[in-house]
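Student: One structure is given below, represented as structure tokens, and several questions about it will come after.
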Amino acid sequence: MTLACINRQILHVDLTNKETWIETPDESFYRKYVGGSAMGLTYILKETPKGVSPLDPANVMTIFTGLPTGVLVSGQSRVIINAKSPLTGAIGDSEGGGFFPARLKQAGFDGIVIRGKAANPVYLWVKEGNVEIRDASHLWGKRTHECEELIKNELQDNSVQILQIGPAGENGVRFASVISMLNRANGRTGMGAVMGSKNLKAVVVQGTKKMKPAAQKELTEIFVRGTRRISENPSNKGLQVDGTAGGVGWQNYTGGLPTHNFNMGQFEGSENISGETMTATILTDISTCFSCTMRCKRVVDTEYKGLKVDGRFGGPEYETVATFGSYCGVSDLNAIAMANQICNQYGMDTISCGATIAWAMESFEQGKITLKDTGGIDLHFGNADSMVKMVEMIAKREGFGNILADGSASAAKTIGRGTEDNLVVSKNQEFPAHMPQAKRSMGLIYAVNTFGADHTQTEHDGGYEETAGEESRLRLGQLGLTNNMKPGIICDERARLVAITQRFISAVDTLGLCTFIWGVGWSLYRPSELVEMLNAVTGWNLTIEDILEIGERRINLLKAFNMREGFTRSEDTISPKLFKPLQGTGPTAGVYYSIDEFEHLKDEYYRLMGWNIDDGNPTEKKFSELGIEWVSPLVQ
């Protein structure tokens, strides 16, 4: 049976030669790789030269949707961008939501493979199965809102969806993001810089094709079931009411709110930057992604020092509130909202940007960075004005911002003077705002994740500890996880939690699904319902085991790229700072990672993944088991 939920069309673009063509893979290709980064890596592994510079034209970039993208159910409109990362030197993987993913599918394509570099700035115009490479010289240098307005006027169509870079991507900021809807970001790993290196300003899509599932009646029932459940589940309802920043209070209470560059787990100004405070003060609306009833996206309207914070740029999520807030010792929500807006205007990842500034602030407090280095800018913790100013300087690569634009790890290497001791990174990517000292499995996933520290790649500890509720136990039990752990204790079961839930979430990611809707412990749907939904979409007869294999295949493809680039167990690590006791007061004061415990967890994780324990890489046997034996010769 032919899949009704796909186009069987992949768009190929050669920017160097201004050529485009369409590939029509058979259904077996979709059955094995399903979309997203798994599908993208089949091109990247075969075509991107080993050892290539991330900003070289030969660095192949892929933009893919997933099997369910565009059907009428919540949490399916996600787009995944992959290429070699300029921030980490490893594989880059970045996901974003909104309406662009569904519209790309409706325009007739399941994904785009981009090669080369245009002689001058260009954008892709994709409409109803047709594609055109258009001049973008007049758009170069424009911020995202300016670019969007010019494109919509040029095409005389306000309904087009635009995936674009801002000046940060053009300037090669290593953590530059790709923005759509002015407030949805493919944020991590610097894919905006790769896009900028290709002189590709934007991908603009328009389409009206309806994506038809195999079993519409069953899919509609699932959609309605989830919609009704939002008001019944406190976690889901809380996400809608206070957004992801609603987690600030709980993180602070448990000692897991990163403060002063991960020196402490509690922030005295946490209440001022909480989701509840945002809702009560500057929130003006909530937004959503295509066909999603969760409506979790914040829209804020305020000002900072007389400058307007415009609702078009959304509002800060939890990670953004933490990185520009508690990381930097800033308790001014308006300043955080302004920093978020600047990142969306210029196209930068808020996590790496805020965390890099926090690293600089700690180094400044210690005298390792001076006023001479910063050009007279006071970077003490709590200086909101300097934090906001530095965000824009980074985007423009002005002054000290030029050094910070390469990320904290590169900046520490440039400056030296012991600033390396203040890094909080894995594979040179800055930590998100979930502390391994409070969530003990986080340190392991930050280290072993193929594209650097990322909090979304595994279930968090609380759902699998003895204090977990009945619903979390039921959901994790569907994945075979039934041995709940004692809170705060390092044990082999934490490696098992990571290895199994990483596979499941990897499948969620490569299917182009949202973890808030289709995750594990607290999302809108249970793992068994993900299987139910996919079978209704595809007409297949998938099981939980099939989903886990899909996710495992993606992990091994990502890992194969790193393996080819020389990454081994030694790169699967976290900064030495994590092995020192936390300061301050609260539940995590004095807590630290033991190096021996950490290395043991890695041993157990590699064993569970079927990889070599000595070098932490997959074996030929593992590639063969997953039906990707073609990878083995490429990684030699």
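In the structure tokens, chains take the letters A, B, ... in the order shown, each chain's residues start at 1, and ligands count up from 1 in the order shown.
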Near region 502-510 of chain A, counting only C-alpha atoms, which residues have an atom at most 10 Å away, once you skip same-chain residues fewer than 5 positions from it, shown as a compact mmCIF listing (two decimals) with N, CA, C and O atoms, in the first residue's frame?
Tutor:
```txt
# COMPACT_ATOMS: atom_id res chain seq x y z
N TYR A 33 13.89 4.69 7.55
CA TYR A 33 14.46 5.92 8.12
C TYR A 33 13.40 6.91 8.62
O TYR A 33 13.74 7.81 9.39
N VAL A 34 12.20 6.81 8.18
CA VAL A 34 10.99 7.53 8.61
C VAL A 34 11.04 9.05 8.51
O VAL A 34 10.01 9.70 8.55
N GLY A 35 12.20 9.65 8.37
CA GLY A 35 12.28 11.10 8.22
C GLY A 35 13.34 11.69 9.12
O GLY A 35 14.21 10.99 9.64
N GLY A 36 13.28 13.01 9.32
CA GLY A 36 14.15 13.69 10.26
C GLY A 36 15.63 13.46 10.02
O GLY A 36 16.10 13.30 8.90
N SER A 37 16.38 13.40 11.13
CA SER A 37 17.83 13.28 11.03
C SER A 37 18.28 11.91 10.56
O SER A 37 19.34 11.79 9.94
N ALA A 38 17.50 10.85 10.82
CA ALA A 38 17.89 9.53 10.30
C ALA A 38 17.92 9.56 8.78
O ALA A 38 18.85 9.04 8.15
N MET A 39 16.92 10.19 8.19
CA MET A 39 16.88 10.29 6.73
C MET A 39 17.98 11.23 6.23
O MET A 39 18.67 10.95 5.25
N GLY A 40 18.16 12.35 6.93
CA GLY A 40 19.19 13.31 6.52
C GLY A 40 20.58 12.72 6.56
O GLY A 40 21.42 12.99 5.69
N PHE A 64 14.55 18.10 7.03
CA PHE A 64 13.56 17.04 6.85
C PHE A 64 12.40 17.14 7.83
O PHE A 64 12.56 17.58 8.97
N THR A 65 11.25 16.71 7.36
CA THR A 65 10.07 16.54 8.20
C THR A 65 10.00 15.06 8.60
O THR A 65 10.94 14.30 8.38
N GLY A 66 8.86 14.63 9.17
CA GLY A 66 8.67 13.24 9.55
C GLY A 66 7.42 12.66 8.92
O GLY A 66 6.65 13.37 8.26
N LEU A 67 7.21 11.38 9.14
CA LEU A 67 6.04 10.71 8.55
C LEU A 67 4.72 11.39 8.90
O LEU A 67 3.89 11.62 8.02
N GLN A 76 2.81 17.29 15.69
CA GLN A 76 3.50 16.64 14.57
C GLN A 76 4.24 17.60 13.64
O GLN A 76 4.90 17.15 12.71
N ARG A 78 7.13 19.39 13.12
CA ARG A 78 8.51 19.65 13.50
C ARG A 78 9.42 19.47 12.28
O ARG A 78 9.17 18.61 11.43
N VAL A 79 10.47 20.28 12.20
CA VAL A 79 11.44 20.17 11.12
C VAL A 79 12.82 20.00 11.74
O VAL A 79 13.15 20.62 12.76
N ILE A 80 13.63 19.13 11.14
CA ILE A 80 14.93 18.78 11.68
C ILE A 80 16.01 19.17 10.69
O ILE A 80 15.94 18.80 9.51
N SER A 94 19.26 19.92 14.94
CA SER A 94 18.48 21.03 15.48
C SER A 94 17.03 20.91 15.04
O SER A 94 16.75 20.68 13.87
N GLU A 95 16.12 21.06 15.99
CA GLU A 95 14.70 20.88 15.71
C GLU A 95 13.90 22.13 16.03
O GLU A 95 14.23 22.86 16.96
N ILE A 445 23.65 11.70 29.87
CA ILE A 445 23.10 11.99 28.53
C ILE A 445 23.80 13.21 27.93
O ILE A 445 24.05 13.26 26.72
N ASN A 449 25.43 12.15 24.40
CA ASN A 449 24.62 12.59 23.27
C ASN A 449 25.52 13.04 22.12
O ASN A 449 26.50 13.75 22.31
N THR A 456 16.75 17.23 26.13
CA THR A 456 15.53 16.64 25.57
C THR A 456 15.73 15.21 25.10
O THR A 456 14.79 14.59 24.60
N GLN A 457 16.93 14.65 25.27
CA GLN A 457 17.24 13.37 24.63
C GLN A 457 17.00 12.16 25.51
O GLN A 457 17.30 11.03 25.11
N THR A 458 16.46 12.34 26.69
CA THR A 458 16.15 11.22 27.57
C THR A 458 15.07 11.65 28.56
O THR A 458 14.84 12.84 28.76
N GLU A 459 14.41 10.69 29.16
CA GLU A 459 13.47 10.98 30.24
C GLU A 459 14.24 11.48 31.46
O GLU A 459 15.32 10.96 31.78
N LEU A 479 7.86 0.78 28.30
CA LEU A 479 9.16 0.66 27.65
C LEU A 479 10.04 -0.39 28.34
O LEU A 479 11.22 -0.53 28.01
N ARG A 496 20.48 2.57 32.35
CA ARG A 496 19.41 1.87 31.64
C ARG A 496 18.28 2.84 31.28
O ARG A 496 17.71 2.77 30.19
N LEU A 497 17.94 3.73 32.20
CA LEU A 497 16.93 4.76 31.92
C LEU A 497 17.34 5.58 30.71
O LEU A 497 16.53 5.83 29.80
N THR A 515 8.13 16.41 21.88
CA THR A 515 8.21 15.60 23.10
C THR A 515 7.20 16.05 24.17
O THR A 515 6.87 15.26 25.05
N ILE A 517 4.21 16.48 23.55
CA ILE A 517 2.99 15.75 23.18
C ILE A 517 3.24 14.25 23.14
O ILE A 517 2.40 13.46 23.60
N TRP A 518 4.38 13.83 22.62
CA TRP A 518 4.62 12.40 22.36
C TRP A 518 5.85 11.86 23.09
O TRP A 518 6.44 10.87 22.67
N GLY A 519 6.23 12.48 24.21
CA GLY A 519 7.40 12.04 24.96
C GLY A 519 7.12 10.82 25.81
O GLY A 519 6.38 9.91 25.42
N VAL A 520 7.68 10.79 27.04
CA VAL A 520 7.55 9.58 27.86
C VAL A 520 6.74 9.84 29.12
O VAL A 520 5.55 9.58 29.17
N PRO A 527 3.45 6.24 25.49
CA PRO A 527 4.18 5.56 24.41
C PRO A 527 3.30 4.64 23.58
O PRO A 527 3.43 4.59 22.35
N LEU A 530 1.52 6.55 20.98
CA LEU A 530 2.35 6.93 19.83
C LEU A 530 2.29 5.83 18.77
O LEU A 530 2.16 6.11 17.57
N ILE A 544 5.91 -1.21 19.96
CA ILE A 544 6.86 -0.44 20.76
C ILE A 544 8.29 -0.80 20.38
O ILE A 544 9.18 0.06 20.27
N GLU A 545 8.54 -2.09 20.16
CA GLU A 545 9.88 -2.55 19.79
C GLU A 545 10.32 -1.92 18.47
O GLU A 545 11.50 -1.57 18.30
N ASP A 546 9.39 -1.79 17.53
CA ASP A 546 9.72 -1.13 16.25
C ASP A 546 10.11 0.32 16.46
O ASP A 546 11.05 0.83 15.83
N ILE A 547 9.39 1.00 17.35
CA ILE A 547 9.68 2.41 17.63
C ILE A 547 11.07 2.55 18.24
O ILE A 547 11.86 3.43 17.85
N LEU A 548 11.40 1.67 19.18
CA LEU A 548 12.72 1.72 19.80
C LEU A 548 13.82 1.45 18.78
O LEU A 548 14.90 2.05 18.84
N GLU A 549 13.56 0.57 17.82
CA GLU A 549 14.56 0.29 16.79
C GLU A 549 14.75 1.48 15.86
O GLU A 549 15.87 1.80 15.45
N ILE A 550 13.65 2.15 15.52
CA ILE A 550 13.75 3.37 14.71
C ILE A 550 14.65 4.39 15.41
O ILE A 550 15.53 5.00 14.80
N GLY A 551 14.43 4.56 16.71
CA GLY A 551 15.24 5.52 17.46
C GLY A 551 16.68 5.09 17.58
O GLY A 551 17.60 5.91 17.47
N GLU A 552 16.91 3.81 17.78
CA GLU A 552 18.28 3.30 17.89
C GLU A 552 19.03 3.46 16.58
O GLU A 552 20.22 3.79 16.56
N ARG A 553 18.34 3.25 15.46
CA ARG A 553 18.99 3.42 14.15
C ARG A 553 19.45 4.87 13.98
O ARG A 553 20.56 5.12 13.51
N ARG A 554 18.61 5.81 14.35
CA ARG A 554 19.00 7.23 14.25
C ARG A 554 20.22 7.52 15.11
O ARG A 554 21.17 8.19 14.66
N ILE A 555 20.22 7.06 16.36
CA ILE A 555 21.35 7.31 17.25
C ILE A 555 22.64 6.79 16.64
O ILE A 555 23.69 7.46 16.67
N MET A 609 24.03 -0.25 24.92
CA MET A 609 23.87 0.17 23.53
C MET A 609 24.51 -0.80 22.54
O MET A 609 24.33 -0.66 21.33
```
Student: Applying 7 Å and only C-alpha atoms, which residues near region 173-181 of chain A remain after dropping the ones on its own chain fewer than 5 positions away? List them as a count of residues only.
Tutor: 25
Student: Using only C-alpha atoms, which protein or nucleic acid residues come within 9 Å of Asp56 (chain A)? Drop anything in the same chain fewer than 6 positions from it, and give the result as number ranges by chain.
Tutor: A: 116-117, 194, 197-198
Student: From the set A:Ser77, A:Thr62, A:Thr284, A:Ser410, which residue has the shortest atom-to-atom contact distance to Leu513 (chain A), counting only C-alpha atoms?
Tutor: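 Closest to Leu513 (chain A), using only C-alpha atoms: A:Ser77.
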Student: Report as a ChimeraX atom specification all protein, DNA and RNA residues lying within 7 Å of Pro258 (chain A), evaluated on only C-alpha atoms, omitting residues in the same chain fewer than 2 positions from it.
Tutor: /A:256,260-262,264-266,326-327,433,435
Student: Generate a file of the selected residues that holds C-alpha atoms, formatted as a PDB file, in the first residue's frame.
Tutor:
```
ATOM      1  CA  GLY A 256      18.196  22.311  40.213  1.00  0.00           C
ATOM      2  CA  HIS A 260      25.792  31.985  38.640  1.00  0.00           C
ATOM      3  CA  ASN A 261      27.087  29.729  35.876  1.00  0.00           C
ATOM      4  CA  PHE A 262      26.238  26.417  37.584  1.00  0.00           C
ATOM      5  CA  MET A 264      24.632  26.958  42.824  1.00  0.00           C
ATOM      6  CA  GLY A 265      21.260  25.269  42.364  1.00  0.00           C
ATOM      7  CA  GLN A 266      19.055  27.957  43.875  1.00  0.00           C
ATOM      8  CA  SER A 326      19.644  32.668  36.992  1.00  0.00           C
ATOM      9  CA  TYR A 327      22.798  31.684  35.050  1.00  0.00           C
ATOM     10  CA  ALA A 433      19.177  24.436  32.422  1.00  0.00           C
ATOM     11  CA  MET A 435      21.496  20.259  36.510  1.00  0.00           C
TER      12      MET A 435
END
```
Student: Residues within 7 Å of Asn617 (chain A), please, as a PDB file with N, CA, C and O atoms, in the first residue's frame. Count only C-alpha atoms; anything in the same chain fewer than 4 positions from it doesn't count.
Tutor:
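The resulting result04.pdb:
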```
ATOM      1  N   MET A 563      32.029   9.187  14.785  1.00  0.00           N
ATOM      2  CA  MET A 563      33.064   8.148  14.753  1.00  0.00           C
ATOM      3  C   MET A 563      34.006   8.397  13.574  1.00  0.00           C
ATOM      4  O   MET A 563      35.232   8.323  13.698  1.00  0.00           O
ATOM      5  N   THR A 568      35.706   9.726  20.065  1.00  0.00           N
ATOM      6  CA  THR A 568      35.742   8.476  20.820  1.00  0.00           C
ATOM      7  C   THR A 568      35.175   8.717  22.212  1.00  0.00           C
ATOM      8  O   THR A 568      34.583   9.775  22.489  1.00  0.00           O
ATOM      9  N   TRP A 611      27.803  -1.167  22.110  1.00  0.00           N
ATOM     10  CA  TRP A 611      28.967  -0.493  21.539  1.00  0.00           C
ATOM     11  C   TRP A 611      30.246  -0.968  22.238  1.00  0.00           C
ATOM     12  O   TRP A 611      30.198  -1.595  23.297  1.00  0.00           O
ATOM     13  N   ASN A 612      31.375  -0.631  21.648  1.00  0.00           N
ATOM     14  CA  ASN A 612      32.658  -0.922  22.279  1.00  0.00           C
ATOM     15  C   ASN A 612      32.808  -0.078  23.543  1.00  0.00           C
ATOM     16  O   ASN A 612      32.659   1.150  23.489  1.00  0.00           O
TER      17      ASN A 612
END
```
Student: Write out as JSON, numbers by chain all residues of region 170-404 of chain A that backbone DSSP assigns to strand (DSSP E or B).
Tutor: {"A": [176, 178, 179, 180, 184, 185, 186, 200, 201, 202, 203, 204, 205, 206, 259, 264, 283, 284, 285, 286, 287, 297, 298, 299, 300, 302, 303, 304, 307, 308, 309, 348]}
Student: Please compute the CA of Gly97 (chain A)-CA of Phe290 (chain A) distance, one decimal, in Å.
Tutor: 8.4 Å
Student: Quick one: contact table of region 349-377 of chain A to region 414-428 of chain A, 10 Å max, nearest atom pair and distance in Å to one decimal per residue, counting only C-alpha atoms, chain and number order, as a Markdown table?
Tutor:
```
| residue | atom | partner | partner_atom | distance |
| --- | --- | --- | --- | --- |
| A:Ser352 | CA | A:Val425 | CA | 9.5 |
| A:Ala355 | CA | A:Val424 | CA | 8.2 |
| A:Thr356 | CA | A:Leu423 | CA | 8.7 |
| A:Ala358 | CA | A:Asn422 | CA | 9.4 |
| A:Trp359 | CA | A:Asn422 | CA | 6.2 |
| A:Ala360 | CA | A:Thr419 | CA | 8.3 |
| A:Met361 | CA | A:Asn422 | CA | 9.8 |
| A:Glu362 | CA | A:Asn422 | CA | 7.1 |
| A:Ser363 | CA | A:Thr419 | CA | 5.9 |
| A:Phe364 | CA | A:Thr419 | CA | 9.2 |
| A:Gln366 | CA | A:Thr419 | CA | 9.1 |
| A:Gly367 | CA | A:Arg417 | CA | 9.4 |
| A:Lys368 | CA | A:Arg417 | CA | 5.9 |
| A:Ile369 | CA | A:Thr419 | CA | 8.0 |
| A:Asp373 | CA | A:Ile415 | CA | 9.1 |
```
Student: Name the residues in contact with Tyr593 (chain A) at a cut-off of 7 Å, using only C-alpha atoms, excluding same-chain residues fewer than 5 positions from it; report them as a list in words.
Tutor: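 Contacts, with the query itself left out: Gln437, Leu578, Phe579 and Phe598 of chain A.
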Student: At what distance in Å, to one decimal, does CA of Ser624 (chain A) lie from CA of Lys50 (chain A)?
Tutor: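 Rounded to one decimal, the two atoms are 21.9 Å apart.
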Student: Work out how far apart CA of Ile151 (chain A) and CA of Leu139 (chain A) are and give it in Å to one decimal.
Tutor: 8.3 Å
Student: For the interface of region 41-112 of chain A with region 531-536 of chain A (cut-off 12 Å, counting only C-alpha atoms), please tabulate each contacting residue of region 41-112 of chain A alongside its nearest pair of atoms and their separation in Å to one decimal, rows sorted by chain and increasing number, as JSON lines.
Tutor:
```
{"residue": "A:Gly66", "atom": "CA", "partner": "A:Leu534", "partner_atom": "CA", "distance": 10.9}
{"residue": "A:Leu67", "atom": "CA", "partner": "A:Leu534", "partner_atom": "CA", "distance": 8.3}
{"residue": "A:Pro68", "atom": "CA", "partner": "A:Leu534", "partner_atom": "CA", "distance": 7.2}
{"residue": "A:Thr69", "atom": "CA", "partner": "A:Leu534", "partner_atom": "CA", "distance": 11.0}
{"residue": "A:Val71", "atom": "CA", "partner": "A:Ala536", "partner_atom": "CA", "distance": 10.6}
{"residue": "A:Leu72", "atom": "CA", "partner": "A:Met533", "partner_atom": "CA", "distance": 11.0}
{"residue": "A:Val73", "atom": "CA", "partner": "A:Met533", "partner_atom": "CA", "distance": 8.8}
{"residue": "A:Ser74", "atom": "CA", "partner": "A:Met533", "partner_atom": "CA", "distance": 10.6}
{"residue": "A:Gly75", "atom": "CA", "partner": "A:Met533", "partner_atom": "CA", "distance": 11.3}
{"residue": "A:Gln76", "atom": "CA", "partner": "A:Met533", "partner_atom": "CA", "distance": 10.7}
```
Student: Write to file, as a PDB file, in the first residue's frame, the residues of the selection just made, with all heavy atoms.
Tutor:
```
ATOM      1  N   GLY A  66       8.863  14.629   9.174  1.00  0.00           N
ATOM      2  CA  GLY A  66       8.672  13.237   9.555  1.00  0.00           C
ATOM      3  C   GLY A  66       7.420  12.656   8.921  1.00  0.00           C
ATOM      4  O   GLY A  66       6.649  13.368   8.265  1.00  0.00           O
ATOM      5  N   LEU A  67       7.209  11.376   9.140  1.00  0.00           N
ATOM      6  CA  LEU A  67       6.044  10.715   8.546  1.00  0.00           C
ATOM      7  C   LEU A  67       4.723  11.392   8.897  1.00  0.00           C
ATOM      8  O   LEU A  67       3.894  11.617   8.022  1.00  0.00           O
ATOM      9  CB  LEU A  67       5.993   9.238   8.979  1.00  0.00           C
ATOM     10  CG  LEU A  67       6.939   8.256   8.290  1.00  0.00           C
ATOM     11  CD1 LEU A  67       6.730   6.868   8.863  1.00  0.00           C
ATOM     12  CD2 LEU A  67       6.710   8.235   6.788  1.00  0.00           C
ATOM     13  N   PRO A  68       4.473  11.743  10.177  1.00  0.00           N
ATOM     14  CA  PRO A  68       3.154  12.308  10.511  1.00  0.00           C
ATOM     15  C   PRO A  68       3.015  13.794  10.215  1.00  0.00           C
ATOM     16  O   PRO A  68       1.915  14.345  10.364  1.00  0.00           O
ATOM     17  CB  PRO A  68       3.039  12.062  12.027  1.00  0.00           C
ATOM     18  CG  PRO A  68       4.213  11.242  12.415  1.00  0.00           C
ATOM     19  CD  PRO A  68       5.254  11.484  11.380  1.00  0.00           C
ATOM     20  N   THR A  69       4.106  14.469   9.820  1.00  0.00           N
ATOM     21  CA  THR A  69       4.047  15.918   9.621  1.00  0.00           C
ATOM     22  C   THR A  69       2.928  16.298   8.659  1.00  0.00           C
ATOM     23  O   THR A  69       2.822  15.751   7.564  1.00  0.00           O
ATOM     24  CB  THR A  69       5.380  16.449   9.069  1.00  0.00           C
ATOM     25  OG1 THR A  69       6.445  16.018   9.904  1.00  0.00           O
ATOM     26  CG2 THR A  69       5.376  17.974   8.999  1.00  0.00           C
ATOM     27  N   VAL A  71      -0.405  15.942   9.135  1.00  0.00           N
ATOM     28  CA  VAL A  71      -1.715  15.353   9.398  1.00  0.00           C
ATOM     29  C   VAL A  71      -2.352  16.106  10.559  1.00  0.00           C
ATOM     30  O   VAL A  71      -1.690  16.831  11.300  1.00  0.00           O
ATOM     31  CB  VAL A  71      -1.623  13.839   9.714  1.00  0.00           C
ATOM     32  CG1 VAL A  71      -1.011  13.083   8.548  1.00  0.00           C
ATOM     33  CG2 VAL A  71      -0.845  13.590  10.999  1.00  0.00           C
ATOM     34  N   LEU A  72      -3.648  15.922  10.739  1.00  0.00           N
ATOM     35  CA  LEU A  72      -4.363  16.696  11.753  1.00  0.00           C
ATOM     36  C   LEU A  72      -4.356  15.973  13.095  1.00  0.00           C
ATOM     37  O   LEU A  72      -5.295  15.273  13.474  1.00  0.00           O
ATOM     38  CB  LEU A  72      -5.795  16.964  11.276  1.00  0.00           C
ATOM     39  CG  LEU A  72      -5.901  17.785   9.987  1.00  0.00           C
ATOM     40  CD1 LEU A  72      -7.357  18.014   9.611  1.00  0.00           C
ATOM     41  CD2 LEU A  72      -5.165  19.122  10.124  1.00  0.00           C
ATOM     42  N   VAL A  73      -3.257  16.176  13.815  1.00  0.00           N
ATOM     43  CA  VAL A  73      -3.117  15.678  15.178  1.00  0.00           C
ATOM     44  C   VAL A  73      -2.102  16.580  15.873  1.00  0.00           C
ATOM     45  O   VAL A  73      -1.244  17.186  15.220  1.00  0.00           O
ATOM     46  CB  VAL A  73      -2.681  14.195  15.195  1.00  0.00           C
ATOM     47  CG1 VAL A  73      -1.217  14.051  14.779  1.00  0.00           C
ATOM     48  CG2 VAL A  73      -2.914  13.556  16.555  1.00  0.00           C
ATOM     49  N   SER A  74      -2.196  16.694  17.171  1.00  0.00           N
ATOM     50  CA  SER A  74      -1.289  17.585  17.903  1.00  0.00           C
ATOM     51  C   SER A  74       0.153  17.085  17.880  1.00  0.00           C
ATOM     52  O   SER A  74       0.405  15.879  17.891  1.00  0.00           O
ATOM     53  CB  SER A  74      -1.751  17.719  19.361  1.00  0.00           C
ATOM     54  OG  SER A  74      -2.982  18.395  19.448  1.00  0.00           O
ATOM     55  N   GLY A  75       1.082  18.016  17.868  1.00  0.00           N
ATOM     56  CA  GLY A  75       2.490  17.714  18.096  1.00  0.00           C
ATOM     57  C   GLY A  75       3.233  17.066  16.954  1.00  0.00           C
ATOM     58  O   GLY A  75       4.243  16.400  17.184  1.00  0.00           O
ATOM     59  N   GLN A  76       2.809  17.293  15.692  1.00  0.00           N
ATOM     60  CA  GLN A  76       3.496  16.638  14.571  1.00  0.00           C
ATOM     61  C   GLN A  76       4.238  17.599  13.639  1.00  0.00           C
ATOM     62  O   GLN A  76       4.901  17.149  12.712  1.00  0.00           O
ATOM     63  CB  GLN A  76       2.508  15.815  13.741  1.00  0.00           C
ATOM     64  CG  GLN A  76       1.166  16.477  13.420  1.00  0.00           C
ATOM     65  CD  GLN A  76       1.250  17.764  12.631  1.00  0.00           C
ATOM     66  OE1 GLN A  76       1.998  17.854  11.666  1.00  0.00           O
ATOM     67  NE2 GLN A  76       0.479  18.757  13.024  1.00  0.00           N
TER      68      GLN A  76
END
```
Student: Find the residue from A:Thr20, A:Thr244, A:Thr144, A:Asn402 that sits nearest to Gly172 (chain A); use only C-alpha atoms when measuring.
Tutor: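 The closest residue to Gly172 (chain A) is A:Asn402.
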Student: So which residues touch region 382-392 of chain A within 7 Å, counting only C-alpha atoms, skipping near sequence neighbours fewer than 5 positions away, as a VMD selection string?
Tutor: chain A and resid 328 to 330 335 339 342 377 401
